[in-house]
Structure formats: structure tokens, C-alpha cells
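Structure file start-v7.pdb (PDB, C-alpha atoms) is printed below.
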```
ATOM      1  CA  MET A  12      30.520  72.348 100.972
ATOM      2  CA  GLN A  13      28.001  69.979 102.477
ATOM      3  CA  TYR A  14      25.068  72.038 103.651
ATOM      4  CA  GLU A  15      22.116  71.146 105.856
ATOM      5  CA  VAL A  16      18.958  72.943 104.806
ATOM      6  CA  ARG A  17      16.750  73.726 107.796
ATOM      7  CA  ALA A  18      13.425  75.480 107.350
ATOM      8  CA  PRO A  19      11.407  75.432 110.609
ATOM      9  CA  TYR A  20       7.760  76.420 110.751
ATOM     10  CA  LYS A  21       6.497  78.051 113.988
ATOM     11  CA  GLY A  22       8.786  76.065 116.251
ATOM     12  CA  VAL A  23       8.623  72.810 114.304
ATOM     13  CA  ASP A  24      12.062  71.827 113.006
ATOM     14  CA  LYS A  25      11.520  68.111 112.585
ATOM     15  CA  TYR A  26      12.720  67.722 108.998
ATOM     16  CA  SER A  27      15.850  68.883 107.234
ATOM     17  CA  ASN A  28      17.636  68.152 103.988
ATOM     18  CA  VAL A  29      21.380  67.576 103.578
ATOM     19  CA  LEU A  30      22.976  68.689 100.317
ATOM     20  CA  PRO A  31      26.347  67.003  99.791
ATOM     21  CA  VAL A  32      29.454  68.596  98.334
ATOM     22  CA  ALA A  33      29.178  69.471  94.649
ATOM     23  CA  TYR A  34      32.803  69.837  93.719
ATOM     24  CA  GLY A  35      35.042  69.868  96.759
ATOM     25  CA  LYS A  36      37.355  72.822  97.144
ATOM     26  CA  LEU A  37      36.959  75.016  94.096
ATOM     27  CA  GLU A  38      39.025  78.179  93.906
ATOM     28  CA  ILE A  39      38.622  80.224  90.758
ATOM     29  CA  SER A  40      40.534  83.388  89.950
ATOM     30  CA  GLU A  41      38.605  85.282  87.305
ATOM     31  CA  SER A  42      41.597  87.523  86.674
ATOM     32  CA  ASP A  43      43.951  84.622  86.011
ATOM     33  CA  LEU A  44      42.529  82.139  83.524
ATOM     34  CA  SER A  45      45.791  80.219  83.448
ATOM     35  CA  LYS A  46      45.019  79.088  87.012
ATOM     36  CA  SER A  47      41.278  78.549  86.748
ATOM     37  CA  MET A  48      40.981  77.060  83.265
ATOM     38  CA  PRO A  49      42.714  73.749  84.072
ATOM     39  CA  GLU A  50      40.315  73.178  86.984
ATOM     40  CA  ILE A  51      37.028  73.890  85.250
ATOM     41  CA  SER A  52      38.160  71.983  82.166
ATOM     42  CA  LYS A  53      38.523  68.726  84.084
ATOM     43  CA  THR A  54      36.115  65.900  83.368
ATOM     44  CA  ALA A  55      35.474  65.740  87.115
ATOM     45  CA  PHE A  56      34.140  69.301  87.092
ATOM     46  CA  LYS A  57      31.876  68.616  84.102
ATOM     47  CA  ASP A  58      30.568  65.458  85.782
ATOM     48  CA  ALA A  59      29.926  67.358  89.022
ATOM     49  CA  LEU A  60      28.059  70.085  87.153
ATOM     50  CA  LYS A  61      25.901  67.530  85.354
ATOM     51  CA  ALA A  62      25.144  65.808  88.661
ATOM     52  CA  ALA A  63      24.291  69.143  90.309
ATOM     53  CA  ILE A  64      21.749  70.008  87.614
ATOM     54  CA  GLN A  65      20.267  66.518  87.651
ATOM     55  CA  GLY A  66      20.163  66.512  91.441
ATOM     56  CA  ALA A  67      18.300  69.812  91.563
ATOM     57  CA  GLY A  68      15.665  68.344  89.272
ATOM     58  CA  GLU A  69      15.367  65.217  91.410
ATOM     59  CA  ILE A  70      14.792  67.221  94.589
ATOM     60  CA  ALA A  71      12.220  69.434  92.867
ATOM     61  CA  HIS A  72      10.429  66.443  91.300
ATOM     62  CA  GLY A  73      10.352  64.539  94.573
ATOM     63  CA  TYR A  74       8.897  67.298  96.728
ATOM     64  CA  ARG A  75       6.555  68.396  93.954
ATOM     65  CA  ALA A  76       5.176  64.877  93.535
ATOM     66  CA  ASP A  77       4.486  64.691  97.262
ATOM     67  CA  GLY A  78       2.679  68.030  97.205
ATOM     68  CA  TYR A  79       5.311  70.026  99.088
ATOM     69  CA  ILE A  80       6.128  72.554  96.330
ATOM     70  CA  ASP A  81       3.417  74.838  94.973
ATOM     71  CA  ASP A  82       3.069  76.069  91.385
ATOM     72  CA  ALA A  83       4.708  79.475  91.871
ATOM     73  CA  ASN A  84       7.790  78.138  93.649
ATOM     74  CA  ASN A  85       8.037  75.236  91.221
ATOM     75  CA  LYS A  86       8.265  77.656  88.297
ATOM     76  CA  VAL A  87      11.034  79.700  89.885
ATOM     77  CA  ILE A  88      13.032  76.586  90.786
ATOM     78  CA  TRP A  89      12.769  75.189  87.269
ATOM     79  CA  ASP A  90      13.738  78.548  85.793
ATOM     80  CA  LEU A  91      17.006  78.189  87.699
ATOM     81  CA  ILE A  92      17.508  74.580  86.626
ATOM     82  CA  ASN A  93      16.855  75.469  82.983
ATOM     83  CA  LEU A  94      19.214  78.425  83.215
ATOM     84  CA  ALA A  95      21.955  76.166  84.578
ATOM     85  CA  SER A  96      21.423  73.746  81.692
ATOM     86  CA  LYS A  97      21.474  76.565  79.153
ATOM     87  CA  TYR A  98      24.739  78.006  80.451
ATOM     88  CA  SER A  99      26.362  74.575  80.472
ATOM     89  CA  LYS A 100      25.347  73.948  76.858
ATOM     90  CA  GLN A 101      26.577  77.374  75.765
ATOM     91  CA  ALA A 102      29.975  76.688  77.322
ATOM     92  CA  ASP A 103      30.141  73.394  75.439
ATOM     93  CA  GLU A 104      29.250  75.148  72.182
ATOM     94  CA  ILE A 105      32.057  77.677  72.645
ATOM     95  CA  SER A 106      34.560  74.931  73.334
ATOM     96  CA  LYS A 107      33.382  72.801  70.396
ATOM     97  CA  TRP A 108      33.610  75.660  67.896
ATOM     98  CA  TRP A 109      37.200  76.470  68.771
ATOM     99  CA  GLU A 110      38.105  72.780  68.759
ATOM    100  CA  THR A 111      36.539  71.846  65.425
ATOM    101  CA  GLU A 112      35.688  74.933  63.362
ATOM    102  CA  TYR A 113      38.463  77.462  63.903
ATOM    103  CA  SER A 114      41.285  77.568  61.383
ATOM    104  CA  PRO A 115      44.096  80.147  61.567
ATOM    105  CA  ASP A 116      45.246  79.703  57.976
ATOM    106  CA  PRO A 117      42.697  79.701  55.108
ATOM    107  CA  ASP A 118      45.224  78.012  52.831
ATOM    108  CA  LYS A 119      45.818  75.016  55.105
ATOM    109  CA  GLU A 120      43.414  72.487  56.571
ATOM    110  CA  ILE A 121      44.536  73.145  60.113
ATOM    111  CA  TYR A 122      41.686  73.199  62.618
ATOM    112  CA  GLY A 123      41.379  73.544  66.333
ATOM    113  CA  TRP A 124      42.573  75.886  69.042
ATOM    114  CA  SER A 125      41.567  74.428  72.381
ATOM    115  CA  ILE A 126      39.678  76.816  74.650
ATOM    116  CA  GLN A 127      41.892  75.530  77.470
ATOM    117  CA  ASP A 128      45.114  76.656  75.745
ATOM    118  CA  GLU A 129      46.310  80.245  75.835
ATOM    119  CA  LYS A 130      48.456  79.691  72.738
ATOM    120  CA  MET A 131      47.589  77.564  69.744
ATOM    121  CA  ARG A 132      49.403  74.266  69.635
ATOM    122  CA  GLY A 133      52.368  74.361  67.280
ATOM    123  CA  CYS A 134      52.614  78.165  67.257
ATOM    124  CA  PRO A 135      55.367  80.177  68.966
ATOM    125  CA  TYR A 136      53.069  83.207  68.955
ATOM    126  CA  LEU A 137      50.862  85.140  66.518
ATOM    127  CA  ALA A 138      50.878  85.879  62.799
ATOM    128  CA  PRO A 139      52.944  86.507  60.777
ATOM    129  CA  ASN A 140      54.801  83.793  62.710
ATOM    130  CA  LYS A 141      54.599  80.322  61.254
ATOM    131  CA  GLY A 142      53.570  77.252  63.179
ATOM    132  CA  SER A 143      53.970  73.583  62.402
ATOM    133  CA  LEU A 144      52.109  70.411  63.311
ATOM    134  CA  TYR A 145      52.332  66.766  62.390
ATOM    135  CA  MET A 146      49.275  66.024  60.277
ATOM    136  CA  ASP A 147      47.897  62.866  58.694
ATOM    137  CA  ILE A 148      47.614  63.809  55.022
ATOM    138  CA  GLY A 149      46.706  60.375  53.720
ATOM    139  CA  ASN A 150      50.176  58.964  53.144
ATOM    140  CA  GLY A 151      51.124  59.041  56.784
ATOM    141  CA  ALA A 152      51.919  61.898  59.115
ATOM    142  CA  GLU A 153      54.180  64.725  58.056
ATOM    143  CA  MET A 154      55.003  68.187  59.298
ATOM    144  CA  VAL A 155      52.702  70.887  57.944
ATOM    145  CA  ASP A 156      53.576  74.580  58.199
ATOM    146  CA  PHE A 157      50.824  77.163  58.614
ATOM    147  CA  THR A 158      50.294  80.801  59.552
ATOM    148  CA  CYS A 159      49.587  81.293  63.238
ATOM    149  CA  PRO A 160      46.438  83.034  64.581
ATOM    150  CA  THR A 161      46.068  86.763  64.082
ATOM    151  CA  GLU A 162      45.953  89.232  66.936
ATOM    152  CA  ALA A 163      42.201  89.646  66.333
ATOM    153  CA  ASP A 164      41.742  85.876  66.662
ATOM    154  CA  LYS A 165      43.735  85.920  69.894
ATOM    155  CA  ILE A 166      41.482  88.647  71.316
ATOM    156  CA  ASN A 167      38.354  86.652  70.417
ATOM    157  CA  HIS A 168      39.854  83.474  71.836
ATOM    158  CA  ASP A 169      40.657  85.221  75.130
ATOM    159  CA  LYS A 170      37.130  86.630  75.334
ATOM    160  CA  ASP A 171      35.631  83.205  74.769
ATOM    161  CA  ARG A 172      37.953  81.649  77.349
ATOM    162  CA  SER A 173      36.597  84.120  79.885
ATOM    163  CA  ALA A 174      33.005  83.520  78.753
ATOM    164  CA  TYR A 175      33.532  79.759  78.956
ATOM    165  CA  GLN A 176      34.678  80.056  82.558
ATOM    166  CA  GLN A 177      31.861  82.382  83.585
ATOM    167  CA  LEU A 178      29.198  80.213  81.949
ATOM    168  CA  LEU A 179      30.350  77.051  83.711
ATOM    169  CA  LEU A 180      30.556  78.739  87.102
ATOM    170  CA  ALA A 181      27.158  80.391  86.590
ATOM    171  CA  ALA A 182      25.709  77.006  85.641
ATOM    172  CA  LEU A 183      27.014  75.440  88.846
ATOM    173  CA  MET A 184      25.799  78.382  90.943
ATOM    174  CA  ASN A 185      22.300  78.257  89.459
ATOM    175  CA  ALA A 186      22.113  74.492  89.938
ATOM    176  CA  ARG A 187      23.119  74.844  93.583
ATOM    177  CA  CYS A 188      20.639  77.642  94.122
ATOM    178  CA  ALA A 189      17.885  75.474  92.631
ATOM    179  CA  GLN A 190      18.834  72.622  94.965
ATOM    180  CA  GLU A 191      18.655  74.861  98.010
ATOM    181  CA  ALA A 192      15.420  76.484  96.875
ATOM    182  CA  ALA A 193      13.686  73.142  96.329
ATOM    183  CA  ALA A 194      15.034  71.706  99.582
ATOM    184  CA  THR A 195      14.008  74.811 101.551
ATOM    185  CA  VAL A 196      10.447  74.935 100.240
ATOM    186  CA  GLY A 197      10.004  71.180 100.581
ATOM    187  CA  THR A 198      11.414  71.033 104.109
ATOM    188  CA  TYR A 199       9.419  74.072 105.199
ATOM    189  CA  SER A 200       6.210  72.518 103.868
ATOM    190  CA  ARG A 201       6.876  69.231 105.665
ATOM    191  CA  ASN A 202       7.446  71.044 108.962
ATOM    192  CA  LYS A 203       4.287  73.072 108.390
ATOM    193  CA  GLU A 204       2.389  69.845 107.795
ATOM    194  CA  VAL A 205       3.532  68.548 111.187
ATOM    195  CA  PHE A 206       2.499  71.797 112.861
ATOM    196  CA  ASP A 207      -0.935  71.705 111.242
ATOM    197  CA  SER A 208      -1.482  68.042 112.095
ATOM    198  CA  VAL A 209      -0.867  68.279 115.853
ATOM    199  CA  SER A 210      -3.797  69.733 117.772
ATOM    200  CA  GLY A 211      -4.538  72.100 114.951
ATOM    201  CA  GLY A 212      -1.114  73.633 115.436
ATOM    202  CA  ARG A 213      -1.594  74.491 119.110
ATOM    203  CA  GLY A 214       0.978  74.025 121.846
ATOM    204  CA  LEU A 215       4.004  73.697 119.577
ATOM    205  CA  SER A 216       5.807  76.941 120.277
ATOM    206  CA  ASN A 217       8.372  75.076 122.375
ATOM    207  CA  ALA A 218       8.539  71.969 120.201
ATOM    208  CA  PRO A 219      11.925  70.208 120.332
ATOM    209  CA  LYS A 220      14.113  70.664 117.305
ATOM    210  CA  ARG A 221      15.842  68.054 115.135
ATOM    211  CA  THR A 222      13.532  65.279 116.272
ATOM    212  CA  GLY A 223      12.962  63.883 112.787
ATOM    213  CA  LYS A 224      15.208  62.267 110.236
ATOM    214  CA  SER A 225      17.265  64.382 107.898
ATOM    215  CA  ILE A 226      16.969  63.631 104.224
ATOM    216  CA  THR A 227      20.271  63.314 102.400
ATOM    217  CA  ALA A 228      19.798  64.301  98.797
ATOM    218  CA  ASN A 229      21.895  62.366  96.312
ATOM    219  CA  VAL A 230      23.100  65.551  94.719
ATOM    220  CA  PRO A 231      25.742  68.291  95.024
ATOM    221  CA  PRO A 232      27.131  72.184  96.420
ATOM    222  CA  LYS A 233      27.693  75.707  98.203
ATOM    223  CA  SER A 234      26.124  77.052 101.404
ATOM    224  CA  SER A 235      25.021  79.831 103.723
ATOM    225  CA  GLN A 236      25.638  83.579 103.276
ATOM    226  CA  PRO A 237      23.152  85.431 101.058
ATOM    227  CA  GLU A 238      24.641  86.495  97.760
ATOM    228  CA  GLU A 239      23.326  88.170  94.644
ATOM    229  CA  GLU A 240      23.925  86.375  91.370
ATOM    230  CA  THR A 241      24.880  88.058  88.140
ATOM    231  CA  ASP A 242      24.429  86.384  84.794
ATOM    232  CA  PRO A 243      27.654  86.120  82.768
ATOM    233  CA  LYS A 244      27.891  88.954  80.268
ATOM    234  CA  THR A 245      28.756  87.224  77.015
ATOM    235  CA  ASP A 246      27.648  87.505  73.423
ATOM    236  CA  THR A 247      26.741  83.812  73.462
ATOM    237  CA  SER A 248      24.129  83.899  76.218
ATOM    238  CA  GLU A 249      20.565  85.091  76.075
ATOM    239  CA  GLU A 250      18.849  86.965  78.847
ATOM    240  CA  MET A 251      16.239  84.928  80.694
ATOM    241  CA  ASP A 252      13.397  86.885  82.236
ATOM    242  CA  THR A 253      12.851  85.718  85.813
ATOM    243  CA  SER A 254      11.317  88.950  87.000
ATOM    244  CA  GLU A 255       7.786  87.620  87.476
ATOM    245  CA  LYS A 256       6.791  87.976  91.133
ATOM    246  CA  PRO A 257       4.039  85.614  92.281
ATOM    247  CA  LYS A 258       1.611  87.024  94.811
ATOM    248  CA  LYS A 259       2.318  86.290  98.454
ATOM    249  CA  LYS A 260       0.290  83.452  99.882
ATOM    250  CA  LYS A 261      -1.832  84.075 102.976
ATOM    251  CA  ASP A 262      -0.871  80.802 104.701
ATOM    252  CA  ASN A 263       2.756  81.929 105.205
ATOM    253  CA  THR A 264       4.113  79.184 102.943
ATOM    254  CA  ILE A 265       7.508  80.182 101.567
ATOM    255  CA  LEU A 266       7.179  81.957  98.240
ATOM    256  CA  LEU A 267      10.345  82.307  96.221
ATOM    257  CA  ALA A 268       9.804  85.491  94.250
ATOM    258  CA  ALA A 269      12.030  85.311  91.201
ATOM    259  CA  ALA A 270      13.569  88.690  91.910
ATOM    260  CA  GLY A 271      14.462  87.774  95.467
ATOM    261  CA  ILE A 272      15.319  84.096  95.301
ATOM    262  CA  LEU A 273      19.039  84.561  94.832
ATOM    263  CA  GLY A 274      19.402  86.941  97.724
ATOM    264  CA  LEU A 275      17.469  84.554  99.952
ATOM    265  CA  LEU A 276      18.771  81.164  98.939
ATOM    266  CA  MET A 277      22.092  81.362  97.113
ATOM    267  CA  MET A 278      24.357  80.631 100.035
ATOM    268  CA  LYS A 279      28.078  80.213 100.466
ATOM    269  CA  GLY A 280      29.592  77.898 103.011
ATOM    270  CA  LYS A 281      31.719  79.404 105.739
ATOM    271  CA  LYS A 282      35.430  79.203 105.063
TER     272      LYS A 282
END
```
Go ahead and render the structure in this file as C-alpha cells.
Amino acid sequence: MQYEVRAPYKGVDKYSNVLPVAYGKLEISESDLSKSMPEISKTAFKDALKAAIQGAGEIAHGYRADGYIDDANNKVIWDLINLASKYSKQADEISKWWETEYSPDPDKEIYGWSIQDEKMRGCPYLAPNKGSLYMDIGNGAEMVDFTCPTEADKINHDKDRSAYQQLLLAALMNARCAQEAAATVGTYSRNKEVFDSVSGGRGLSNAPKRTGKSITANVPPKSSQPEEETDPKTDTSEEMDTSEKPKKKKDNTILLAAAGILGLLMMKGKK
């Protein structure tokens, strides 16, 4: 959902940051891949994910360049952006392997079982059943018979379908969290700057809110209820250590401790 990031400082709420929708209405059922897989396999979803990661970087770069994001927060935000990129690449690697490297029959040059498909194309079911596909064998296309995937292959394919889904959703969630983190720290720092610049910060306890212009970031999604994130548990992903906790600053500037950032800033929009 579109989400307006507001981060007032001691009564000053002049600046805000609007994060637009990342991917519209996205409903994923982790227990039913047949329903979720078609959605997350769409080009539109991949484009939205790419834009979300890029947008998070643009927000972080912009506020950082203007001096509104400190070193400690910058590190945590970029850890999230890098994690989103890593998960996205791992999902692509899973999909590519099944598309180009997998072969069910060692005696036939038949390759490819799409990660989106529950059953392999041309196969009624599993080995010892035979499947058939039209193949270009040099003299034109002809029907080629082959042995269908084994039960063990089916189990691995199902596991990777689940991992593929979890990696893509985790990538989008981390990208959104990075957007909100960067926008929150940047907006908070801008409001603090206003507070500090007016009479040394005196007489602003009753300052009017929403008196400044909102910034609309040209990026994407989710919104406001704290939520803890869990990394997808797959054999293809590596654990990233984000447990470093920077020391709390004395000037009350927001500090996004790596261990607490998700609980503070990963927000879901109200239904």
C-alpha cells in the first residue's frame, strides 16, 4: 500500500515522505503454491521487486548525501538492501538451474522443468512413466520420448518451488523495510534540523503539524504494524549477520539497531 512516513521531532512534523505502492494487492498462500506461484512468477512482480530495491537505494543515497543519515543507520539500511538483492539473485539462480540444467532422463537430451510448473511439461506423472515432447533434432521437429522425473526429483523440485517463493517475498519485504528505514531516519533528521534552527529549539512544543511539503519517493511498498522478519530457510541462502548494535547517540537521533530494525520499521498497511 501507499504509506506516508512521518517522523516528528519534539513537536516538529514539517516533513514527511510518501512511499508509493510496490505491487498492488499481493495475496500469497504459502501452503498453496499453485495459487501463489503464478503471481510471483509474473514479469510485473519481478519489475516491481527490482524497482523496490533500486528505490530503497535512491532514498538512502539522497538523504545520506544531504547529511540526514548517519554512518550507523546507513550501514543497517544497506545491509537490508544488499540482503534483498541477494535473495532476488538466489531465486533467479534456482529458476535458471531448473530451466536449463535439469534433465530427467540421462539417455535423452531433454532439459528444463520450469519452477512455475508442478508437473514437467510432456509428462503425465513420474517415472517409470514416459513423457514426450516435440524437439528440434536438426532435421526438423519430431516427437521424442523420455523417462519422466523420479520421485526424488519431484521432492527436490517442490522444495525449490517453496524456496523460490520465500526468497522473492523476503527480497520484497527487505527492500520495503529499507525504504521505510531510510525515509524514517531522513525525515526525522530534517524535522530535527528545523527544531534546532528555530530559537535554538525553544517554543516549538505546540508547533503545527504537516506544515511542510511531503516528499514522494519514486519507489515502491507495505505499511504500518510492527512485524518481525524471518529469513527464508533454504539450502541456497546464506545467513547474513546483522546483529551488530551501534551505540545509542546522545542527541536522540534515531538509531536503527540491526537487531531491532525489523520490529520498529517493517510495517504492514491496514486492510
Exercise. For Tyr34 (chain A), which residue out of A:Ala189, A:Lys130, A:His168, A:Leu183 is the nearest one, using all atoms listed in the file?
Worked result: A:Leu183
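Taking CA of Ala181 (chain A) and CA of Ile88 (chain A) as the two end points, the separation is 15.2 Å.
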Exercise. Mind pulling up the distance from CA of Lys57 (chain A) to CA of Arg172 (chain A)?
Worked result: 15.9 Å
For this session: List the neighbours of Glu110 (chain A) out to 10 Å using only C-alpha atoms; skip same-chain residues closer than 2 positions along the sequence, and give me the result as a VMD selection string.
Result: chain A and resid 104 to 108 112 to 114 122 to 127
Long-range neighbours of Pro135 (chain A) as an mmCIF file with C-alpha atoms, keeping the file's coordinate frame, 9 Å cut-off, all atoms listed in the file, 6 positions minimum in chain:
```
data_model
loop_
_atom_site.group_PDB
_atom_site.id
_atom_site.type_symbol
_atom_site.label_atom_id
_atom_site.label_comp_id
_atom_site.auth_asym_id
_atom_site.auth_seq_id
_atom_site.Cartn_x
_atom_site.Cartn_y
_atom_site.Cartn_z
ATOM 1 C CA LYS A 141 54.599 80.322 61.254
ATOM 2 C CA GLY A 142 53.570 77.252 63.179
ATOM 3 C CA CYS A 159 49.587 81.293 63.238
#
```
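Restricting the calculation to only C-alpha atoms, the smallest distance between Ala182 (chain A) and any of A:Ser45, A:Thr111, A:Gln101, A:Asn85 is found for A:Gln101.
You will find CA of Glu69 (chain A) at 15.9 Å from CA of Val16 (chain A).
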Exercise. Once you count all atoms listed in the file, which residues end up no further than 10 Å from (36.4, 84.0, 78.7) in the file's frame, shown as a count of residues only?
Worked result: 21
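Remark: for Asn84 (chain A), the closest of the candidate residues A:Glu129, A:Ser208, A:Arg17, A:Val196 is A:Val196 (distances computed over all atoms listed in the file).
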Exercise. Near Asn140 (chain A), within 9 Å and counting all atoms listed in the file, which residues show up once chain neighbours fewer than 6 positions away are dropped, as number ranges by chain?
Worked result: A: 134, 157-160
Repair of region 125-149 of chain A at the level of N, CA and C atoms, as a compact mmCIF listing (two decimals), keeping the file's coordinate frame:
```
# COMPACT_ATOMS: atom_id res chain seq x y z
N SER A 125 42.28 74.79 71.16
CA SER A 125 41.57 74.43 72.38
C SER A 125 41.28 75.65 73.25
N ILE A 126 40.06 75.71 73.77
CA ILE A 126 39.68 76.82 74.65
C ILE A 126 40.50 76.80 75.93
N GLN A 127 41.08 75.64 76.26
CA GLN A 127 41.89 75.53 77.47
C GLN A 127 43.29 76.11 77.28
N ASP A 128 43.74 76.24 76.03
CA ASP A 128 45.11 76.66 75.74
C ASP A 128 45.21 78.14 75.43
N GLU A 129 46.12 78.82 76.10
CA GLU A 129 46.31 80.24 75.83
C GLU A 129 46.91 80.47 74.46
N LYS A 130 47.85 79.62 74.07
CA LYS A 130 48.46 79.69 72.74
C LYS A 130 48.02 78.49 71.92
N MET A 131 47.96 78.68 70.60
CA MET A 131 47.59 77.56 69.74
C MET A 131 48.74 76.58 69.66
N ARG A 132 48.40 75.32 69.71
CA ARG A 132 49.40 74.27 69.64
C ARG A 132 50.19 74.37 68.33
N GLY A 133 51.50 74.30 68.45
CA GLY A 133 52.37 74.36 67.28
C GLY A 133 52.80 75.75 66.89
N CYS A 134 52.29 76.78 67.60
CA CYS A 134 52.61 78.17 67.26
C CYS A 134 53.45 78.81 68.36
N PRO A 135 54.58 79.46 67.97
CA PRO A 135 55.37 80.18 68.97
C PRO A 135 54.63 81.42 69.46
N TYR A 136 53.86 82.05 68.58
CA TYR A 136 53.07 83.21 68.96
C TYR A 136 52.07 83.50 67.85
N LEU A 137 51.90 84.76 67.46
CA LEU A 137 50.86 85.14 66.52
C LEU A 137 51.42 85.39 65.12
N ALA A 138 50.50 85.53 64.17
CA ALA A 138 50.88 85.88 62.80
C ALA A 138 51.64 87.21 62.82
N PRO A 139 52.62 87.35 61.94
CA PRO A 139 52.94 86.51 60.78
C PRO A 139 53.83 85.30 61.10
N ASN A 140 54.01 84.97 62.38
CA ASN A 140 54.80 83.79 62.71
C ASN A 140 54.18 82.54 62.11
N LYS A 141 55.04 81.60 61.78
CA LYS A 141 54.60 80.32 61.25
C LYS A 141 54.60 79.27 62.35
N GLY A 142 53.62 78.39 62.28
CA GLY A 142 53.57 77.25 63.18
C GLY A 142 53.70 75.97 62.39
N SER A 143 53.86 74.87 63.09
CA SER A 143 53.97 73.58 62.40
C SER A 143 53.41 72.48 63.28
N LEU A 144 52.71 71.55 62.63
CA LEU A 144 52.11 70.41 63.31
C LEU A 144 52.25 69.17 62.45
N TYR A 145 52.39 68.03 63.12
CA TYR A 145 52.33 66.77 62.39
C TYR A 145 50.88 66.49 62.04
N MET A 146 50.63 66.27 60.74
CA MET A 146 49.28 66.02 60.28
C MET A 146 49.24 64.76 59.44
N ASP A 147 48.11 64.04 59.53
CA ASP A 147 47.90 62.87 58.69
C ASP A 147 47.29 63.34 57.38
N ILE A 148 48.08 63.29 56.31
CA ILE A 148 47.61 63.81 55.02
C ILE A 148 47.29 62.68 54.04
N GLY A 149 47.10 61.49 54.56
CA GLY A 149 46.71 60.38 53.72
C GLY A 149 47.81 59.38 53.47
```
